[in-house]
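**Q** Sharing a structure with you now.
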Amino acid sequence: MQIILTILLVAAMAATVFFLIRGIVAFLRTTEADLMGDGMNQSGVKQNKAMQGRIIMQAVAVGIVVLLLLLMGR
């Protein structure tokens with residue numbers, strides 16, 4: 001069980017890094033026209049989705065770490 005959770009933890013950490021890089025790329029592609037426009041722009045939407053994905057993956061990774069620690073404590 002610990003091996004499966006460790007593999008899932010590595011996958012969750014990799015997904016977190018993926019969403020982090022995706023958000024940084026979306027941020028770097030923001031143009032002045034995006035910043036000066038009214039309302040939400042495509043760049044802002046992409047940044048928000050990347051942040052939400054990163055937060056979800058971080059929560060999953062923390063949950064897996066908690067399960068691993070509980071299993072190791074037995």
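Chain lettering (A, B, ...) mirrors the order of the structure tokens, residue numbering begins at 1 for each chain separately, and ligand numbering begins at 1 in order of display.
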Tell me which protein, DNA and RNA residues are within 8 Å of region 17-34 of chain A, counting only C-alpha atoms, leaving out same-chain ones fewer than 3 positions away, and put them as an MDAnalysis selection string.

**A** chainID A and resid 13:14 37 41:44 46:48 50:51 53:54

**Q** Name all residues at most 9 Å from Thr16 (chain A) (count only C-alpha atoms; drop same-chain ones fewer than 6 positions away) and give them as a JSON list (two decimals) with C-alpha atoms, in the first residue's frame.

**A**
```json
[["chain", "number", "residue", "atom", "x", "y", "z"],
["A", 53, "GLY", "CA", -5.27, 23.08, -10.58],
["A", 54, "ARG", "CA", -2.10, 23.69, -8.59],
["A", 55, "ILE", "CA", -4.03, 24.15, -5.36],
["A", 56, "ILE", "CA", -6.04, 20.98, -5.95],
["A", 57, "MET", "CA", -2.90, 18.96, -6.71],
["A", 58, "GLN", "CA", -1.18, 20.36, -3.61],
["A", 61, "ALA", "CA", -0.32, 15.58, -2.30]]
```
